[in-house]
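Peer 1: One file: run-v4.txt (compact mmCIF, N, CA, C and O atoms).
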# COMPACT_ATOMS: atom_id res chain seq x y z
N MET V 275 113.83 96.13 171.77
CA MET V 275 113.06 96.87 172.73
C MET V 275 113.36 98.35 172.52
O MET V 275 114.50 98.72 172.25
N GLN V 276 112.34 99.17 172.62
CA GLN V 276 112.57 100.60 172.48
C GLN V 276 111.66 101.39 173.41
O GLN V 276 110.59 100.95 173.78
N VAL V 277 112.14 102.58 173.76
CA VAL V 277 111.41 103.51 174.60
C VAL V 277 111.49 104.86 173.92
O VAL V 277 112.54 105.24 173.40
N HIS V 278 110.39 105.59 173.90
CA HIS V 278 110.39 106.96 173.37
C HIS V 278 110.10 107.91 174.52
O HIS V 278 109.05 107.83 175.15
N LEU V 279 111.07 108.78 174.80
CA LEU V 279 110.90 109.77 175.87
C LEU V 279 110.50 111.10 175.26
O LEU V 279 111.12 111.56 174.31
N SER V 280 109.51 111.71 175.83
CA SER V 280 109.07 113.03 175.38
C SER V 280 109.51 114.06 176.41
O SER V 280 109.26 113.91 177.60
N MET V 281 110.20 115.09 175.92
CA MET V 281 110.68 116.16 176.80
C MET V 281 110.41 117.50 176.16
O MET V 281 110.39 117.62 174.94
N LEU V 282 110.23 118.51 177.01
CA LEU V 282 110.03 119.87 176.53
C LEU V 282 111.34 120.63 176.59
O LEU V 282 112.15 120.42 177.49
N ASP V 283 111.53 121.53 175.64
CA ASP V 283 112.71 122.40 175.62
C ASP V 283 112.64 123.31 176.84
O ASP V 283 111.63 123.94 177.11
N ALA V 284 113.73 123.40 177.61
CA ALA V 284 113.75 124.23 178.81
C ALA V 284 113.60 125.71 178.49
O ALA V 284 113.05 126.47 179.27
N VAL V 285 114.09 126.13 177.33
CA VAL V 285 114.01 127.54 176.95
C VAL V 285 112.67 127.85 176.30
O VAL V 285 112.07 128.88 176.57
N ASP V 286 112.20 126.95 175.44
CA ASP V 286 110.93 127.17 174.74
C ASP V 286 110.08 125.91 174.84
O ASP V 286 110.21 124.99 174.05
N PRO V 287 109.19 125.84 175.85
CA PRO V 287 108.38 124.64 176.07
C PRO V 287 107.45 124.29 174.91
O PRO V 287 106.85 123.24 174.91
N ARG V 288 107.35 125.17 173.92
CA ARG V 288 106.54 124.84 172.74
C ARG V 288 107.28 123.89 171.81
O ARG V 288 106.72 123.41 170.83
N LYS V 289 108.55 123.62 172.11
CA LYS V 289 109.37 122.74 171.27
C LYS V 289 109.56 121.38 171.96
O LYS V 289 110.54 121.16 172.65
N PRO V 290 108.62 120.48 171.78
CA PRO V 290 108.82 119.16 172.37
C PRO V 290 109.84 118.35 171.58
O PRO V 290 110.03 118.56 170.39
N SER V 291 110.50 117.46 172.25
CA SER V 291 111.44 116.55 171.61
C SER V 291 111.07 115.12 171.99
O SER V 291 110.59 114.87 173.09
N VAL V 292 111.30 114.21 171.08
CA VAL V 292 111.12 112.79 171.37
C VAL V 292 112.49 112.13 171.22
O VAL V 292 113.13 112.25 170.18
N ILE V 293 112.92 111.49 172.28
CA ILE V 293 114.23 110.85 172.29
C ILE V 293 114.01 109.34 172.27
O ILE V 293 113.46 108.77 173.22
N PRO V 294 114.41 108.68 171.17
CA PRO V 294 114.26 107.23 171.13
C PRO V 294 115.47 106.55 171.76
O PRO V 294 116.61 106.91 171.50
N LEU V 295 115.21 105.60 172.62
CA LEU V 295 116.25 104.74 173.19
C LEU V 295 115.96 103.34 172.68
O LEU V 295 114.86 102.82 172.86
N VAL V 296 116.94 102.74 172.02
CA VAL V 296 116.71 101.44 171.39
C VAL V 296 117.75 100.45 171.88
O VAL V 296 118.95 100.74 171.90
N LEU V 297 117.29 99.29 172.25
CA LEU V 297 118.16 98.19 172.65
C LEU V 297 117.97 97.07 171.65
O LEU V 297 116.86 96.61 171.43
N THR V 298 119.06 96.65 171.04
CA THR V 298 119.01 95.56 170.07
C THR V 298 119.71 94.35 170.66
O THR V 298 120.91 94.39 170.94
N VAL V 299 118.93 93.30 170.88
CA VAL V 299 119.48 92.06 171.42
C VAL V 299 118.77 90.88 170.75
O VAL V 299 117.73 91.04 170.13
N THR V 300 119.35 89.72 170.92
CA THR V 300 118.69 88.52 170.44
C THR V 300 117.56 88.15 171.42
O THR V 300 117.57 88.58 172.58
N PRO V 301 116.59 87.37 170.97
CA PRO V 301 115.52 86.97 171.89
C PRO V 301 116.03 86.28 173.15
O PRO V 301 115.48 86.48 174.24
N SER V 302 117.09 85.52 173.04
CA SER V 302 117.59 84.83 174.23
C SER V 302 118.28 85.79 175.21
O SER V 302 118.35 85.51 176.40
N GLN V 303 118.78 86.93 174.73
CA GLN V 303 119.43 87.91 175.60
C GLN V 303 118.42 88.82 176.30
O GLN V 303 118.73 89.40 177.34
N HIS V 304 117.24 88.95 175.75
CA HIS V 304 116.25 89.91 176.24
C HIS V 304 115.96 89.79 177.74
O HIS V 304 116.01 90.80 178.46
N PRO V 305 115.67 88.60 178.28
CA PRO V 305 115.37 88.52 179.71
C PRO V 305 116.52 89.00 180.60
O PRO V 305 116.29 89.57 181.67
N ALA V 306 117.74 88.81 180.15
CA ALA V 306 118.90 89.17 180.97
C ALA V 306 119.16 90.67 181.01
O ALA V 306 119.78 91.16 181.95
N VAL V 307 118.69 91.41 180.02
CA VAL V 307 119.02 92.83 179.94
C VAL V 307 117.83 93.77 180.06
O VAL V 307 118.01 94.97 180.19
N GLN V 308 116.62 93.25 180.04
CA GLN V 308 115.46 94.15 180.02
C GLN V 308 115.37 95.03 181.26
O GLN V 308 115.03 96.21 181.17
N ASP V 309 115.69 94.51 182.44
CA ASP V 309 115.64 95.35 183.64
C ASP V 309 116.70 96.44 183.61
O ASP V 309 116.44 97.59 184.00
N ASP V 310 117.90 96.10 183.16
CA ASP V 310 118.97 97.10 183.04
C ASP V 310 118.58 98.19 182.06
O ASP V 310 118.85 99.38 182.30
N PHE V 311 117.96 97.82 180.96
CA PHE V 311 117.54 98.81 179.97
C PHE V 311 116.47 99.73 180.57
O PHE V 311 116.52 100.95 180.39
N GLY V 312 115.54 99.17 181.30
CA GLY V 312 114.52 99.99 181.97
C GLY V 312 115.14 100.94 182.97
O GLY V 312 114.75 102.12 183.06
N ASN V 313 116.12 100.47 183.72
CA ASN V 313 116.82 101.33 184.68
C ASN V 313 117.56 102.45 183.97
O ASN V 313 117.57 103.59 184.43
N LEU V 314 118.20 102.12 182.86
CA LEU V 314 118.89 103.15 182.08
C LEU V 314 117.90 104.21 181.58
O LEU V 314 118.16 105.41 181.70
N ALA V 315 116.78 103.79 181.06
CA ALA V 315 115.78 104.73 180.54
C ALA V 315 115.31 105.69 181.64
O ALA V 315 115.06 106.87 181.37
N HIS V 316 115.22 105.20 182.87
CA HIS V 316 114.79 106.06 183.98
C HIS V 316 115.84 107.09 184.38
O HIS V 316 115.54 108.04 185.10
N THR V 317 117.09 106.92 183.95
CA THR V 317 118.13 107.87 184.32
C THR V 317 118.31 109.00 183.32
O THR V 317 119.04 109.96 183.60
N VAL V 318 117.66 108.91 182.16
CA VAL V 318 117.84 109.94 181.13
C VAL V 318 117.16 111.22 181.60
O VAL V 318 115.98 111.23 181.95
N ARG V 319 117.94 112.30 181.61
CA ARG V 319 117.44 113.61 182.04
C ARG V 319 117.90 114.66 181.03
O ARG V 319 118.94 114.50 180.39
N PRO V 320 117.16 115.74 180.95
CA PRO V 320 117.62 116.82 180.05
C PRO V 320 118.92 117.44 180.57
O PRO V 320 119.14 117.52 181.77
N GLY V 321 119.75 117.86 179.65
CA GLY V 321 121.01 118.52 180.01
C GLY V 321 120.90 120.01 179.81
O GLY V 321 119.83 120.56 179.54
N THR V 322 122.03 120.66 179.94
CA THR V 322 122.04 122.12 179.79
C THR V 322 122.85 122.55 178.57
O THR V 322 123.16 123.72 178.42
N GLY V 323 123.24 121.62 177.74
CA GLY V 323 124.00 121.96 176.53
C GLY V 323 124.91 120.84 176.11
O GLY V 323 124.88 119.74 176.69
N ALA V 324 125.75 121.12 175.14
CA ALA V 324 126.60 120.08 174.56
C ALA V 324 127.56 119.49 175.57
O ALA V 324 127.91 118.32 175.49
N GLY V 325 127.99 120.24 176.56
CA GLY V 325 128.95 119.74 177.53
C GLY V 325 128.31 119.16 178.78
O GLY V 325 128.96 119.00 179.79
N SER V 326 127.05 118.82 178.73
CA SER V 326 126.36 118.38 179.94
C SER V 326 126.43 116.89 180.19
O SER V 326 125.75 116.38 181.05
N ALA V 327 127.24 116.17 179.43
CA ALA V 327 127.33 114.72 179.60
C ALA V 327 127.82 114.41 180.96
O ALA V 327 127.44 113.78 181.78
Would you put the structure from the file into structure tokens?
Peer 2:
Amino acid sequence: MQVHLSMLDAVDPRKPSVIPLVLTVTPSQHPAVQDDFGNLAHTVRPGTGAGSA
């Protein structure tokens, strides 16, 4: 399963970025983790630099 997030650079909005989020699981694991992966994808936000973790 994968999600591609598109975000604009806060300093220069002409610089879009695409952030791929990829989850690799077996088919039998997919139902158990798909909701968690979706929730994780919704929490991704732009930071303010290297120390913004």
Peer 1: One decimal, in Å: what's the spacing between atom N of V:Pro320 and atom CA of V:Val296?
Peer 2: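 For atom N of V:Pro320 relative to atom CA of V:Val296, the distance reads 17.2 Å.
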Peer 1: To one decimal place, how far is atom N of V:Ser291 from atom N of V:Leu279 in Å?
Peer 2: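 Between atom N of V:Ser291 and atom N of V:Leu279 the gap works out to 9.1 Å.
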Peer 1: Which of these, V:Asp283, V:Gly321, V:Phe311, V:His316, has the shortest distance to V:Leu297 once you count only N, CA, C and O atoms?
Peer 2: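 Using only N, CA, C and O atoms, V:Leu297 sits closest to V:Phe311.
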Peer 1: Axis-aligned box over every listed atom of stretch 276-284 of chain V, padded by 6 Å per side: centre and edges in Å to one decimal, as lines of an AutoDock Vina configuration file?
Peer 2:
center_x = 111.4
center_y = 112.8
center_z = 175.9
size_x = 16.7
size_y = 39.3
size_z = 18.8
Peer 1: How many Å separate atom CA of V:Leu282 from atom CA of V:Val307?
Peer 2: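 So the two atoms, atom CA of V:Leu282 and atom CA of V:Val307, lie 28.7 Å apart.
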Peer 1: Near V:Gly312, within 10 Å and counting only C-alpha atoms, which residues show up once chain neighbours fewer than 3 positions away are dropped, as a ChimeraX atom specification?
Peer 2: /V:275-277,307-309,315-317
